[in-house]
Amino acid sequence: MTAHFESVQNAAMYPDAFDVAAPEIAFERDLWPRKLGVFVRNAPNAEGAAPDSEPSAEPGASPAREIAVGQFGFVPQWVKSASDAKLRSTKMVNARSETVTTSNNFRDAWLAGQRCIVPMMAFFEDDWRSGKAVPTRITRVDGKPMGVAGIWERWAKDGTEIISFTLLTVNANSHALLHRYQQNGNEKRMPVILAEGAYDAWLNTKPEKAREFMRAYSASLLTANPVEKK
């Protein structure tokens, strides 16, 4: 499970890599469950305006994207209270791509097309090959930020609103790099890292087509380094 990632702190990377303005708020470099981070989604009403309104873009143009702030750790609509959301969200930082369309936790957001891209510089996994957990930082070889496929949700009740997101993952048992990490005996998983040219398609395709993006990122494009202890 990917429960720790490094956010993108360089403001210039947001317009360059994700075609959005940099976040206006400061947020932590290290993102753990229930911490606030940012994700990229289609701007509200991007897929259609009121019949009497003027179109916001040329026909055939991709909908505008926006940066949104949310909690890392998904809060489904069925959660009954804010306290319940606090307890459950730490276990929903990842959504399995194989079951996202049927899971009670994620199905509604998936079918509603609430897909997003989570910008990150790195994600962290433990290397257990020595018998002890060695935190390892995994990045792109070229040093560019990664856009990870996710889904988001808005939960509101009794005057409390929680915007949240989760990372989609795929099996990594046979991945040339990621099979080394996480505990032995458990299924190995990795986040769905999107190709840069696929961002628009991921955000805008129909739910039945979105499953086609659920594939492992090439090991040759990733590098892993143990985290130095201070």
# chains A, B, ... in the order shown; residues from 1 in each chain; ligands from 1

$ select_by_dssp --residues "region 2-202 of chain A" --states "strand (DSSP E)" --output "PDB file with C-alpha atoms, in the first residue's frame"
ATOM      1  CA  PHE A   5       4.316  10.331  -0.928  1.00  0.00           C
ATOM      2  CA  GLU A   6       6.252  13.533  -1.537  1.00  0.00           C
ATOM      3  CA  ASP A  30       5.484  14.629   3.070  1.00  0.00           C
ATOM      4  CA  LEU A  31       1.910  13.452   2.632  1.00  0.00           C
ATOM      5  CA  LEU A  36      -4.101  17.842   3.186  1.00  0.00           C
ATOM      6  CA  GLY A  37      -2.666  17.707  -0.317  1.00  0.00           C
ATOM      7  CA  VAL A  38      -3.649  18.750  -3.821  1.00  0.00           C
ATOM      8  CA  PHE A  39      -5.018  16.975  -6.849  1.00  0.00           C
ATOM      9  CA  VAL A  40      -5.865  17.971 -10.416  1.00  0.00           C
ATOM     10  CA  ARG A  41      -9.387  17.543 -11.755  1.00  0.00           C
ATOM     11  CA  ASN A  42     -11.654  18.995 -14.409  1.00  0.00           C
ATOM     12  CA  ARG A  65      -8.338  21.708 -15.289  1.00  0.00           C
ATOM     13  CA  GLU A  66      -8.065  23.037 -11.775  1.00  0.00           C
ATOM     14  CA  ILE A  67      -6.123  22.377  -8.583  1.00  0.00           C
ATOM     15  CA  ALA A  68      -8.229  21.174  -5.663  1.00  0.00           C
ATOM     16  CA  VAL A  69      -7.250  20.710  -2.038  1.00  0.00           C
ATOM     17  CA  GLY A  70      -8.257  17.535  -0.270  1.00  0.00           C
ATOM     18  CA  GLN A  71      -7.472  15.019   2.408  1.00  0.00           C
ATOM     19  CA  PHE A  72      -5.289  12.046   1.494  1.00  0.00           C
ATOM     20  CA  ASN A  94      -5.457   3.339  -2.021  1.00  0.00           C
ATOM     21  CA  ALA A  95      -8.153   1.910  -4.294  1.00  0.00           C
ATOM     22  CA  ARG A  96      -7.505  -1.362  -6.095  1.00  0.00           C
ATOM     23  CA  ARG A 115     -11.229  10.970 -11.545  1.00  0.00           C
ATOM     24  CA  CYS A 116      -8.185  13.062 -10.721  1.00  0.00           C
ATOM     25  CA  ILE A 117      -4.427  13.286 -11.090  1.00  0.00           C
ATOM     26  CA  VAL A 118      -2.307  13.417  -7.942  1.00  0.00           C
ATOM     27  CA  PRO A 119       0.971  15.307  -8.511  1.00  0.00           C
ATOM     28  CA  MET A 120       3.955  13.900  -6.641  1.00  0.00           C
ATOM     29  CA  ALA A 122       8.114  10.485  -5.227  1.00  0.00           C
ATOM     30  CA  PHE A 123       6.335   7.754  -3.349  1.00  0.00           C
ATOM     31  CA  PHE A 124       7.787   5.599  -0.605  1.00  0.00           C
ATOM     32  CA  GLU A 125       7.813   1.853  -0.046  1.00  0.00           C
ATOM     33  CA  ASP A 126       9.645  -0.327   2.495  1.00  0.00           C
ATOM     34  CA  ASP A 127      12.389  -2.676   1.319  1.00  0.00           C
ATOM     35  CA  VAL A 134      14.205   0.164   4.841  1.00  0.00           C
ATOM     36  CA  PRO A 135      12.166   3.172   3.633  1.00  0.00           C
ATOM     37  CA  THR A 136      12.851   3.731  -0.050  1.00  0.00           C
ATOM     38  CA  ARG A 137      12.102   6.778  -2.207  1.00  0.00           C
ATOM     39  CA  ILE A 138      10.867   5.961  -5.721  1.00  0.00           C
ATOM     40  CA  THR A 139      10.998   8.649  -8.407  1.00  0.00           C
ATOM     41  CA  ARG A 140      11.086   9.113 -12.145  1.00  0.00           C
ATOM     42  CA  MET A 146       4.606  12.039 -11.548  1.00  0.00           C
ATOM     43  CA  GLY A 147       0.889  12.247 -12.180  1.00  0.00           C
ATOM     44  CA  VAL A 148      -0.818   9.373 -10.367  1.00  0.00           C
ATOM     45  CA  ALA A 149      -4.359   8.301 -11.195  1.00  0.00           C
ATOM     46  CA  GLY A 150      -6.846   8.859  -8.396  1.00  0.00           C
ATOM     47  CA  ILE A 151     -10.492   9.430  -7.605  1.00  0.00           C
ATOM     48  CA  TRP A 152     -11.949  12.109  -5.347  1.00  0.00           C
ATOM     49  CA  GLU A 153     -15.082  12.652  -3.319  1.00  0.00           C
ATOM     50  CA  ARG A 154     -16.996  15.390  -1.502  1.00  0.00           C
ATOM     51  CA  TRP A 155     -18.619  14.335   1.771  1.00  0.00           C
ATOM     52  CA  ALA A 156     -20.860  16.732   3.687  1.00  0.00           C
ATOM     53  CA  LYS A 157     -23.026  16.293   6.754  1.00  0.00           C
ATOM     54  CA  THR A 160     -18.934  19.521   7.976  1.00  0.00           C
ATOM     55  CA  GLU A 161     -17.442  19.099   4.516  1.00  0.00           C
ATOM     56  CA  ILE A 162     -14.527  16.825   3.618  1.00  0.00           C
ATOM     57  CA  ILE A 163     -12.948  16.768   0.168  1.00  0.00           C
ATOM     58  CA  SER A 164     -10.819  13.653  -0.140  1.00  0.00           C
ATOM     59  CA  PHE A 165      -8.867  11.590  -2.643  1.00  0.00           C
ATOM     60  CA  THR A 166      -7.280   8.168  -3.014  1.00  0.00           C
ATOM     61  CA  LEU A 167      -4.572   6.668  -5.240  1.00  0.00           C
ATOM     62  CA  LEU A 168      -5.411   3.900  -7.694  1.00  0.00           C
ATOM     63  CA  THR A 169      -3.066   0.906  -7.607  1.00  0.00           C
ATOM     64  CA  VAL A 170      -2.250  -2.139  -9.723  1.00  0.00           C
ATOM     65  CA  ASN A 171      -0.564  -5.471  -9.044  1.00  0.00           C
ATOM     66  CA  ARG A 189       1.081  -3.100  -5.343  1.00  0.00           C
ATOM     67  CA  MET A 190       2.103   0.139  -7.020  1.00  0.00           C
ATOM     68  CA  PRO A 191       0.305   3.402  -7.841  1.00  0.00           C
TER      69      PRO A 191
END

$ atom_distance --atom1 "CA of Pro15 (chain A)" --atom2 "CA of Gly113 (chain A)"
23.3 Å

$ atom_distance --atom1 "CA of Ala219 (chain A)" --atom2 "CA of Gly197 (chain A)"
18.2 Å

$ closest_residue --among "A:Val141, A:Ser97, A:Leu111, A:Asn184" --to "Phe213 (chain A)" --atoms "only C-alpha atoms"
A:Ser97

$ select_by_dssp --residues "region 50-140 of chain A" --states "alpha helix (DSSP H)" --output "list in words"
Ala82, Ser83, Asp84, Ala85, Lys86, Leu87, Arg88, Ser89, Arg107, Asp108, Ala109, Trp110 and Leu111 of chain A

$ closest_residue --among "A:Gly159, A:Pro44, A:Pro33, A:Gly143" --to "Ala224 (chain A)" --atoms "only C-alpha atoms"
A:Gly143

$ closest_residue --among "A:Asn104, A:Tyr181, A:Thr90, A:Asp84" --to "Arg129 (chain A)" --atoms "only C-alpha atoms"
A:Tyr181

$ closest_residue --among "A:Arg34, A:Arg29, A:His175, A:Arg215" --to "Glu98 (chain A)" --atoms "only C-alpha atoms"
A:Arg215

$ closest_residue --among "A:Leu177, A:Asn186, A:Asn204, A:Ala112" --to "Ser218 (chain A)" --atoms "only C-alpha atoms"
A:Leu177

$ closest_residue --among "A:Gln183, A:Gln9, A:Asn105, A:Ser130" --to "Lys91 (chain A)" --atoms "only C-alpha atoms"
A:Asn105

$ residues_around --residues "Asp142 (chain A)" --least-positions-apart "4" --cutoff "10 Å" --atoms "only C-alpha atoms" --output "JSON, numbers by chain"
{"A": [221, 222, 223]}

$ write_last_selection --atoms "C-alpha atoms" --output "compact mmCIF listing (two decimals), in the first residue's frame"
# COMPACT_ATOMS: atom_id res chain seq x y z
CA LEU A 221 11.58 4.97 -16.14
CA LEU A 222 11.78 4.70 -12.34
CA THR A 223 14.62 4.70 -9.83
